[in-house]
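Trainee: Got protein29.cif for you, mmCIF, C-alpha atoms:
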```cif
data_coords
#
loop_
_atom_site.label_atom_id
_atom_site.label_comp_id
_atom_site.auth_asym_id
_atom_site.auth_seq_id
_atom_site.Cartn_x
_atom_site.Cartn_y
_atom_site.Cartn_z
CA MET A 1 49.65 340.75 36.40
CA ALA A 2 51.81 340.40 39.47
CA THR A 3 55.48 339.74 38.91
CA GLY A 4 57.47 337.05 40.65
CA SER A 5 59.34 338.49 43.60
CA GLU A 6 60.91 337.40 46.85
CA SER A 7 60.68 338.86 50.31
CA ASP A 8 60.91 337.92 53.97
CA ASP A 9 57.18 338.53 54.52
CA ASP A 10 55.17 335.94 56.42
CA PRO A 11 53.14 333.99 53.86
CA ALA A 12 50.68 332.98 56.53
CA GLY A 13 49.26 336.51 56.62
CA GLU A 14 45.89 336.92 54.97
CA GLN A 15 44.49 339.20 52.29
CA GLU A 16 40.84 339.82 51.62
CA ARG A 17 39.45 337.53 48.95
CA PRO A 18 36.32 337.77 46.81
CA ALA A 19 33.24 336.61 48.67
CA HIS A 20 32.38 334.06 46.02
CA MET A 21 34.23 332.19 43.32
CA GLU A 22 32.10 331.99 40.22
CA ARG A 23 30.80 328.45 39.64
CA ARG A 24 31.37 327.78 35.99
CA ARG A 25 32.77 325.17 33.69
CA TRP A 26 36.49 324.65 33.91
CA PRO A 27 37.86 327.35 31.57
CA ARG A 28 40.33 325.14 29.78
CA GLU A 29 38.69 321.72 29.98
CA PRO A 30 39.69 319.88 26.81
CA VAL A 31 37.14 319.46 24.08
CA MET A 32 37.07 315.83 22.95
CA ARG A 33 38.00 315.12 19.35
CA LYS A 34 35.16 313.46 17.43
CA GLU A 35 37.42 311.14 15.43
CA ARG A 36 40.69 309.46 16.36
CA PRO A 37 43.50 308.33 14.11
CA PRO A 38 43.19 304.70 12.97
CA HIS A 39 44.80 302.15 15.32
CA ALA A 40 45.44 304.81 18.02
CA SER A 41 45.31 303.65 21.64
CA PRO A 42 42.49 304.97 23.85
CA ALA A 43 42.69 308.56 25.05
CA LEU A 44 43.81 309.37 28.57
CA VAL A 45 41.11 309.12 31.24
CA PRO A 46 40.93 312.09 33.65
CA LEU A 47 40.73 311.80 37.44
CA ARG A 48 38.32 314.22 39.06
CA PHE A 49 37.81 315.81 42.46
CA SER A 50 35.30 318.52 43.32
CA THR A 51 33.61 319.92 46.40
CA GLN A 52 30.89 321.63 44.40
CA ASP A 53 28.14 319.06 45.02
CA LEU A 54 28.82 318.72 48.76
CA PRO A 55 26.99 320.69 51.47
CA PRO A 56 28.94 323.94 52.13
CA ALA A 57 29.86 322.93 55.68
CA GLU A 58 31.55 319.73 54.38
CA GLN A 59 33.46 321.25 51.46
CA PHE A 60 36.64 322.33 53.23
CA GLN A 61 36.80 319.04 55.13
CA ALA A 62 36.76 317.23 51.78
CA TRP A 63 39.56 319.45 50.46
CA GLN A 64 41.64 318.78 53.57
CA ALA A 65 41.22 315.02 53.16
CA HIS A 66 42.04 315.15 49.45
CA MET A 67 45.21 317.20 49.94
CA ALA A 68 46.36 315.58 53.22
CA PRO A 69 49.10 313.33 51.74
CA LEU A 70 50.72 316.37 50.10
CA VAL A 71 50.05 319.39 52.31
CA ASP A 72 48.15 320.37 55.44
CA VAL A 73 45.66 323.05 54.40
CA HIS A 74 43.93 325.70 56.51
CA LEU A 75 41.32 328.37 55.90
CA PRO A 76 42.35 332.06 55.96
CA GLU A 77 41.96 333.89 59.25
CA GLY A 78 38.36 334.87 59.89
CA LYS A 79 36.89 332.31 57.48
CA SER A 80 34.62 329.52 58.70
CA PRO A 81 34.10 326.07 57.13
CA GLU A 82 30.36 326.72 57.24
CA GLU A 83 30.82 329.40 54.55
CA GLY A 84 31.72 326.73 52.02
CA PHE A 85 34.90 326.07 50.04
CA LEU A 86 34.89 325.53 46.29
CA ALA A 87 37.79 323.44 44.97
CA GLU A 88 38.15 321.37 41.83
CA GLN A 89 40.93 319.27 40.33
CA ILE A 90 41.18 317.34 37.08
CA GLY A 91 44.19 315.01 36.99
CA TRP A 92 45.84 313.43 33.95
CA HIS A 93 48.48 310.69 34.05
CA LEU A 94 50.97 311.03 31.23
CA GLY A 95 53.17 308.07 32.01
CA ASP A 96 55.39 309.12 34.91
CA ILE A 97 54.01 312.68 34.93
CA LEU A 98 50.84 313.87 36.65
CA ILE A 99 49.19 317.05 35.32
CA VAL A 100 46.51 318.64 37.49
CA GLN A 101 44.14 321.45 36.53
CA GLN A 102 43.17 323.15 39.77
CA ARG A 103 40.92 325.94 40.93
CA ALA A 104 40.38 326.64 44.61
CA HIS A 105 39.27 329.27 47.08
CA ALA A 106 41.89 331.09 49.16
CA HIS A 107 43.68 328.96 51.74
CA ARG A 108 46.99 328.38 53.54
CA TYR A 109 49.18 325.30 53.13
CA ILE A 110 52.17 323.73 54.85
CA ARG A 111 54.41 320.72 54.19
CA ASP A 112 56.62 320.38 57.25
CA GLN A 113 59.45 318.11 58.35
CA ALA A 114 57.09 315.68 60.08
CA MET A 115 55.12 315.21 56.86
CA LEU A 116 58.31 314.69 54.86
CA ARG A 117 59.41 311.93 57.22
CA SER A 118 56.17 310.00 56.66
CA SER A 119 55.63 310.76 52.97
CA PRO A 120 57.04 308.97 49.90
CA ILE A 121 56.33 312.08 47.78
CA ASP A 122 59.54 313.79 46.65
CA HIS A 123 58.47 315.00 43.20
CA TRP A 124 59.46 318.13 41.34
CA ASN A 125 56.52 320.51 40.96
CA VAL A 126 55.90 323.05 38.20
CA GLY A 127 52.96 325.38 38.86
CA LEU A 128 51.64 327.59 36.06
CA GLN A 129 49.47 330.25 37.69
CA ARG A 130 46.40 331.11 35.63
CA SER A 131 44.81 333.61 38.01
CA GLY A 132 45.24 334.88 41.56
CA GLN A 133 48.43 335.08 43.59
CA ALA A 134 50.43 332.75 45.83
CA TRP A 135 53.25 333.25 48.34
CA THR A 136 55.47 330.25 49.13
CA GLU A 137 58.23 330.17 51.74
CA VAL A 138 61.20 327.79 51.64
CA ASN A 139 64.13 328.26 54.03
CA ARG A 140 62.79 331.68 55.10
CA ARG A 141 62.70 332.93 51.51
CA VAL A 142 59.25 333.87 50.19
CA THR A 143 58.49 333.76 46.47
CA GLU A 144 55.42 335.48 45.07
CA THR A 145 53.73 334.01 41.99
CA GLY A 146 51.21 335.92 39.89
CA ALA A 147 49.00 335.14 36.92
CA GLY A 148 50.95 333.87 33.93
CA GLU A 149 54.03 332.90 35.95
CA ILE A 150 55.61 329.50 36.63
CA LEU A 151 56.86 328.48 40.08
CA PHE A 152 59.34 325.60 40.23
CA MET A 153 59.95 323.77 43.51
CA SER A 154 60.83 320.44 45.10
CA LEU A 155 58.33 318.52 47.22
CA GLY A 156 61.27 316.89 48.97
CA SER A 157 61.83 320.04 51.05
CA PRO A 158 59.53 321.63 53.65
CA TYR A 159 57.55 324.71 52.64
CA ARG A 160 54.53 326.76 53.60
CA GLY A 161 52.48 329.50 52.02
CA ARG A 162 49.12 330.98 51.17
CA MET A 163 47.13 331.78 48.06
CA THR A 164 44.15 333.86 47.02
CA ASP A 165 41.34 332.39 44.94
CA THR A 166 43.34 330.82 42.14
CA GLU A 167 43.34 328.75 38.99
CA ALA A 168 46.54 326.89 38.11
CA LEU A 169 48.04 324.08 36.07
CA LEU A 170 50.26 321.84 38.20
CA VAL A 171 52.81 319.41 36.78
CA PHE A 172 54.33 316.75 39.07
CA LEU A 173 57.49 314.97 37.88
CA PRO A 174 59.03 312.05 39.86
CA TYR A 175 62.49 312.73 41.27
CA GLU A 176 64.03 309.87 39.28
CA LEU A 177 62.81 311.31 35.97
CA LEU A 178 65.20 314.27 36.28
CA ALA A 179 67.71 312.75 38.72
CA ARG A 180 70.73 313.47 36.53
CA ASP A 181 69.96 317.21 36.78
CA ALA A 182 69.08 317.11 40.48
CA SER A 183 71.80 319.53 41.64
CA LEU A 184 70.73 322.14 39.09
CA LEU A 185 67.06 321.72 39.91
CA GLN A 186 67.64 321.89 43.67
CA SER A 187 69.42 325.22 43.23
CA ALA A 188 66.40 326.52 41.28
CA GLY A 189 63.92 325.46 43.98
CA ASN A 190 61.15 327.92 44.93
CA THR A 191 61.96 330.08 41.92
CA VAL A 192 59.71 331.81 39.41
CA LEU A 193 61.07 330.70 36.05
CA SER A 194 61.90 333.55 33.71
CA GLY A 195 63.29 334.30 30.27
CA SER A 196 62.63 332.77 26.88
CA HIS A 197 62.75 329.17 28.16
CA ALA A 198 59.99 329.94 30.67
CA GLU A 199 57.91 331.54 27.93
CA LEU A 200 58.36 328.47 25.72
CA LEU A 201 57.36 326.17 28.61
CA THR A 202 54.28 328.30 29.29
CA GLY A 203 53.25 328.11 25.65
CA TYR A 204 53.83 324.37 25.47
CA LEU A 205 51.85 323.63 28.65
CA THR A 206 49.02 325.89 27.50
CA GLY A 207 48.74 324.07 24.20
CA LEU A 208 49.03 320.69 25.90
CA GLU A 209 46.30 321.57 28.41
CA THR A 210 43.74 322.23 25.67
CA ASN A 211 44.48 318.83 24.12
CA LEU A 212 44.76 316.57 27.16
CA GLY A 213 41.51 314.79 26.31
CA ASN A 214 42.71 314.09 22.77
CA LEU A 215 46.12 312.56 23.49
CA THR A 216 46.85 308.93 22.74
CA ILE A 217 49.18 306.59 24.58
CA GLU A 218 51.61 306.65 21.65
CA GLU A 219 52.13 310.41 22.05
CA VAL A 220 52.96 310.31 25.76
CA PRO A 221 56.70 309.36 25.75
CA ARG A 222 57.65 312.29 23.50
CA ILE A 223 55.58 314.66 25.65
CA ILE A 224 57.31 313.44 28.82
CA GLN A 225 60.73 313.99 27.24
CA THR A 226 59.77 317.46 26.00
CA ILE A 227 58.40 318.62 29.35
CA GLY A 228 61.47 317.29 31.18
CA ASP A 229 63.87 319.02 28.80
CA MET A 230 61.98 322.31 28.93
CA VAL A 231 61.80 322.28 32.74
CA VAL A 232 65.55 321.69 33.04
CA ALA A 233 66.27 324.44 30.49
CA GLY A 234 63.94 326.84 32.29
CA ALA A 235 65.51 326.08 35.65
CA ALA A 236 69.03 326.51 34.24
CA SER A 237 68.24 329.95 32.84
CA SER A 238 66.52 331.07 36.06
CA THR A 239 68.97 329.69 38.66
CA ARG A 240 70.69 332.14 40.92
CA THR A 241 74.43 331.88 41.18
CA ASP A 242 75.04 330.03 44.45
CA THR A 243 78.47 329.40 45.89
CA GLY A 244 80.26 327.39 48.57
CA GLN A 245 78.33 325.03 50.80
CA ASN A 246 75.05 325.20 48.85
CA GLN A 247 76.60 323.85 45.67
CA THR A 248 78.54 321.24 47.64
CA ASN A 249 75.35 320.05 49.35
CA MET A 250 73.47 319.75 46.08
CA GLY A 251 76.25 317.84 44.36
CA LEU A 252 76.50 315.42 47.29
CA MET A 253 72.75 314.89 47.42
CA GLU A 254 72.64 314.09 43.71
CA ARG A 255 75.48 311.57 44.11
CA ALA A 256 73.82 310.06 47.18
CA HIS A 257 70.48 309.61 45.40
CA ARG A 258 72.20 308.03 42.42
CA TYR A 259 74.16 305.65 44.66
CA ILE A 260 70.95 304.53 46.40
CA HIS A 261 69.15 304.10 43.07
CA VAL A 262 71.92 301.93 41.59
CA ASN A 263 72.43 299.84 44.75
CA LEU A 264 68.83 299.74 45.96
CA HIS A 265 68.75 295.92 46.29
CA SER A 266 72.33 295.44 47.43
CA GLU A 267 73.01 294.03 50.88
CA ASN A 268 75.89 296.49 51.07
CA LEU A 269 73.63 299.56 50.88
CA THR A 270 74.50 300.83 54.36
CA PRO A 271 75.47 304.24 55.75
CA ASP A 272 79.07 303.08 56.14
CA MET A 273 79.31 301.96 52.50
CA MET A 274 77.70 305.19 51.35
CA CYS A 275 80.17 307.25 53.36
CA ARG A 276 83.08 305.42 51.74
CA ALA A 277 81.63 305.73 48.24
CA LEU A 278 80.81 309.44 48.66
CA GLY A 279 83.92 310.29 50.68
CA ILE A 280 82.02 311.91 53.55
CA SER A 281 81.53 311.31 57.28
CA ARG A 282 78.48 309.68 58.84
CA THR A 283 77.56 313.01 60.39
CA ARG A 284 77.64 314.66 56.96
CA LEU A 285 75.53 311.87 55.47
CA TYR A 286 72.91 312.17 58.19
CA GLN A 287 72.76 315.94 57.65
CA LEU A 288 72.04 315.44 53.96
CA PHE A 289 69.06 313.19 54.70
CA GLU A 290 67.78 314.97 57.80
CA ALA A 291 64.70 316.27 55.93
CA ASN A 292 63.86 312.68 54.93
CA GLY A 293 63.97 311.34 58.47
CA GLY A 294 67.49 309.96 58.04
CA VAL A 295 69.28 307.97 55.37
CA LEU A 296 68.01 304.57 56.57
CA ASN A 297 64.44 305.83 56.52
CA TYR A 298 64.91 307.13 52.97
CA ILE A 299 66.37 303.81 51.77
CA ARG A 300 63.52 301.91 53.42
CA LYS A 301 60.91 304.08 51.68
CA ARG A 302 62.55 303.70 48.29
CA ARG A 303 62.70 299.92 48.71
CA LEU A 304 59.04 299.75 49.75
CA LEU A 305 58.04 301.90 46.78
CA GLN A 306 59.96 299.56 44.47
CA ALA A 307 58.23 296.58 46.10
CA TYR A 308 54.88 298.27 45.51
CA ALA A 309 55.78 298.77 41.84
CA ASP A 310 56.87 295.12 41.54
CA LEU A 311 53.64 293.87 43.11
CA SER A 312 51.65 296.14 40.79
CA ASN A 313 53.41 294.73 37.74
CA SER A 314 51.19 292.01 36.29
CA ALA A 315 54.22 290.55 34.49
CA ASP A 316 56.14 290.02 37.75
CA HIS A 317 55.18 286.58 39.09
CA ARG A 318 57.77 286.31 41.87
CA PRO A 319 56.49 285.14 45.26
CA ILE A 320 55.83 287.95 47.74
CA SER A 321 58.55 286.49 49.97
CA GLU A 322 61.11 286.99 47.18
CA ILE A 323 60.01 290.59 46.63
CA ALA A 324 60.23 291.14 50.39
CA GLU A 325 63.78 289.78 50.45
CA ALA A 326 64.75 292.09 47.57
CA ALA A 327 63.37 294.98 49.65
CA GLY A 328 65.72 294.06 52.49
CA PHE A 329 63.27 292.12 54.69
CA GLU A 330 64.39 288.64 55.71
CA VAL A 331 61.14 288.01 57.57
CA ALA A 332 57.99 288.22 55.41
CA ALA A 333 55.84 289.25 58.37
CA ASN A 334 58.05 292.30 58.99
CA PHE A 335 57.72 293.24 55.31
CA THR A 336 53.93 292.96 55.47
CA ARG A 337 53.74 295.17 58.57
CA ALA A 338 56.01 297.82 57.06
CA PHE A 339 54.12 297.70 53.76
CA ILE A 340 50.72 298.16 55.43
CA HIS A 341 52.08 301.00 57.57
CA GLU A 342 53.41 302.76 54.46
CA PHE A 343 50.52 302.22 52.04
CA GLY A 344 47.49 301.16 54.08
CA LEU A 345 47.15 297.95 52.05
CA SER A 346 48.85 294.56 52.33
CA PRO A 347 51.12 293.13 49.60
CA ARG A 348 48.50 290.45 48.89
CA GLU A 349 45.78 293.08 48.46
CA ILE A 350 47.91 294.95 45.92
CA ARG A 351 48.58 291.79 43.92
CA ARG A 352 44.95 290.68 44.14
CA THR A 353 43.78 294.06 42.87
CA MET A 354 46.17 293.87 39.93
CA ALA A 355 44.55 290.63 38.82
CA THR A 356 41.27 292.45 38.18
CA GLN A 357 42.27 295.93 36.98
CA GLN A 358 44.87 297.65 34.82
CA ARG A 359 46.05 300.23 37.34
CA PRO A 360 47.36 299.49 40.84
CA ALA A 361 45.32 300.21 43.90
CA PRO A 362 46.00 303.48 45.77
CA ALA A 363 49.42 303.43 47.39
CA ILE A 364 48.84 305.94 50.17
CA ARG A 365 46.41 305.67 53.04
CA SER A 366 43.50 307.99 52.39
CA THR A 367 40.01 309.00 53.48
CA ARG A 368 37.64 307.15 51.15
CA ARG A 369 34.49 309.14 51.84
CA TYR A 370 35.38 311.69 49.19
CA GLY A 371 37.26 309.39 46.81
CA LYS A 372 40.94 309.13 46.01
CA THR A 373 43.38 311.74 47.29
CA ILE A 374 46.09 313.71 45.51
CA GLY A 375 48.48 311.27 47.18
CA ASP A 376 46.75 308.36 45.45
CA TRP A 377 47.12 310.16 42.12
CA LEU A 378 50.83 310.74 42.73
CA ALA A 379 51.39 307.15 43.81
CA LEU A 380 50.65 306.07 40.25
CA THR A 381 53.61 308.08 38.92
CA GLY A 382 57.23 307.08 38.96
#
```
Would you mind writing the file's structure down as structure tokens?
Mentor:
Amino acid sequence: MATGSESDDDPAGEQERPAHMERRRWPREPVMRKERPPHASPALVPLRFSTQDLPPAEQFQAWQAHMAPLVDVHLPEGKSPEEGFLAEQIGWHLGDILIVQQRAHAHRYIRDQAMLRSSPIDHWNVGLQRSGQAWTEVNRRVTETGAGEILFMSLGSPYRGRMTDTEALLVFLPYELLARDASLLQSAGNTVLSGSHAELLTGYLTGLETNLGNLTIEEVPRIIQTIGDMVVAGAASSTRTDTGQNQTNMGLMERAHRYIHVNLHSENLTPDMMCRALGISRTRLYQLFEANGGVLNYIRKRRLLQAYADLSNSADHRPISEIAEAAGFEVAANFTRAFIHEFGLSPREIRRTMATQQRPAPAIRSTRRYGKTIGDWLALTG
């Protein structure tokens, strides 16, 4: 088993991979329980993506389309799409958390500044490596992850990397779920969790994975709380001791996110008011949100995401114009244009869909030929 380590190596370099990934049943796919407890709510329904039944020449294209809202993926040097690309994901929504079982051939991946500016995804990500190796670079620091290890990182920061043929369990947690510990978690970004807390988290996720198909809705809230607590504890025990500007930046970012969350629908949520509340200059504020395309862009995205959630809520009967006004749009037509640009669907389409189904329609523009994307799955969290 490879151990977690850091280096300044270029993760985009390639290593030779096996010529073929064995096509077999998912090794840890849950076995369904024959009987359920009386009065228990229905079990969770998995989301599935696979390239296995596609022609080899179309497999990597399907993987690219599926992963596009999260990362831009590329084949290793010397590999051709015509050779085929086996990739499978099984996704499970546990309330605000998305758990994904993944196996995929070797590939490279990148989430750059341009993608961050156009993406509403800013989740925390916990990746439990089952097999293979991965190298991920954040701020010129490369972290290697081997079988049995857990990589913790933020999807709100740019990164790039590569992996061999791998199997992994991925856990996506919305930023707001762990917002009160944001400064601690930011300092633990792109870190292989270690120590007894990491071992406990590994054991818990392993046991949870084998029972995903047997869980009931009633069990989900406690599981969410347990995973959140264990992630924070694991990050705390694995965090390097940072000093000076790094800690200052993280504390300011946490305060800024909290301020936006509390004042999301206030007319006074402006850069000037934020500067006064946080005690910083406009230049400093813009530096904090540079990776998000600026503070105004971040506020706009959070308001649109809240509007999407409101429109998806079957119990919210407010007129669309009222929801638009709460999102900071005085003109309904401007709200509709911004909403379509962000999600690929109009506010009326979201509300109409909610009248006929339990879950909201996909919130991120996607390629429909191969079904919903990882971005669609993540849009249903938070």
Trainee: Determine the residue set returned by the PyMOL selection byres ((chain A and resi 74) around 6) for the present structure, and present it as a list in words.
Mentor: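 When the PyMOL selection byres ((chain A and resi 74) around 6) is applied, the selected residues are Val73, Leu75, His107 and Arg108 of chain A.
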Trainee: Residues picked by the PyMOL selection byres ((chain A and resi 112) around 8) here, as a list in words?
Mentor: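 Evaluating the PyMOL selection byres ((chain A and resi 112) around 8) on these coordinates yields Ile110, Arg111, Gln113, Ala114, Met115, Leu116, Pro158, Tyr159 and Arg160 of chain A.
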Trainee: Given all atoms listed in the file as the basis, pick out the residue of A:Asp376, A:Ser314, A:Leu44, A:His123 nearest to Phe152 (chain A).
Mentor: A:His123
Trainee: For Leu208 (chain A), find every residue with an atom within 12 Å (counting all atoms listed in the file), except residues of its own chain fewer than 4 positions away, and show them as a list in words.
Mentor: Arg28, Glu29, Pro30, Trp92, Leu94, Ile99, Gln101, Leu169, Val171, Leu201, Thr202, Gly203, Tyr204, Leu212, Gly213, Asn214, Leu215, Glu219, Val220, Ile223, Ile224, Thr226 and Ile227 of chain A
Trainee: Work out where the centre of an axis-aligned box around every listed atom of region 266-274 of chain A lies and how long its edges are once 6 Å is added on each side; give both in Å to one decimal as JSON.
Mentor:
```
{"center_x": 75.8, "center_y": 299.6, "center_z": 51.8, "size_x": 19.0, "size_y": 23.2, "size_z": 20.7}
```
Trainee: So what do you get for CA of Arg300 (chain A) versus CA of Glu330 (chain A), distance-wise?
Mentor: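 Taking CA of Arg300 (chain A) as the start and CA of Glu330 (chain A) as the end point, the length is 13.5 Å.
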Trainee: Tell me which protein, DNA and RNA residues are within 9 Å of region 48-59 of chain A, counting all atoms listed in the file, leaving out same-chain ones fewer than 4 positions away, and put them as a ChimeraX atom specification.
Mentor: /A:23,63-64,66,80-91,370-373
Trainee: May I have the residues at most 10 Å from (70.1, 321.3, 40.3) in the file's coordinates, counting all atoms listed in the file, as JSON, numbers by chain?
Mentor: {"A": [178, 179, 180, 181, 182, 183, 184, 185, 186, 187, 188, 189, 232, 235, 236, 239, 247, 250, 251, 253, 254]}
Trainee: Can you tell me which residues surround Asn297 (chain A) at a distance of at most 12 Å, considering only C-alpha atoms, apart from same-chain residues fewer than 4 positions away, and format the answer as an MDAnalysis selection string?
Mentor: chainID A and resid 116:120 270:271 286 289:293 301:304 338 342
Trainee: Could you please determine the separation between CA of Arg141 (chain A) and CA of Leu296 (chain A) in Å, to one decimal place?
Mentor: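 These atoms are spaced 29.3 Å apart.
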Trainee: Please indicate the distance in Å from CA of Arg282 (chain A) to CA of Gly156 (chain A), rounded to one decimal place.
Mentor: 21.1 Å
Trainee: I need the output of the PyMOL selection byres ((chain A and resi 325) around 12) for this file as a list in words; which residues are they?
Mentor: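 Output from the PyMOL selection byres ((chain A and resi 325) around 12), applied to this file: His265, Ser266, Glu267, Arg303, Leu304, Ala307, Arg318, Pro319, Ile320, Ser321, Glu322, Ile323, Ala324, Ala326, Ala327, Gly328, Phe329, Glu330, Val331, Ala332, Ala333, Asn334, Phe335 and Thr336 of chain A.
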Trainee: Choose the residue, out of A:Ser237, A:Asn268, A:Asn313, A:Thr283, that has the smallest atom-to-atom separation from Ile350 (chain A); count only C-alpha atoms.
Mentor: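 Result for the nearest residue to Ile350 (chain A): A:Asn313.
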Trainee: Considering all atoms listed in the file, can you say which of A:Leu200, A:Leu285, A:Val295, A:Ile97 comes closest to Gln225 (chain A)?
Mentor: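 So, comparing all the options, the nearest one is A:Ile97.
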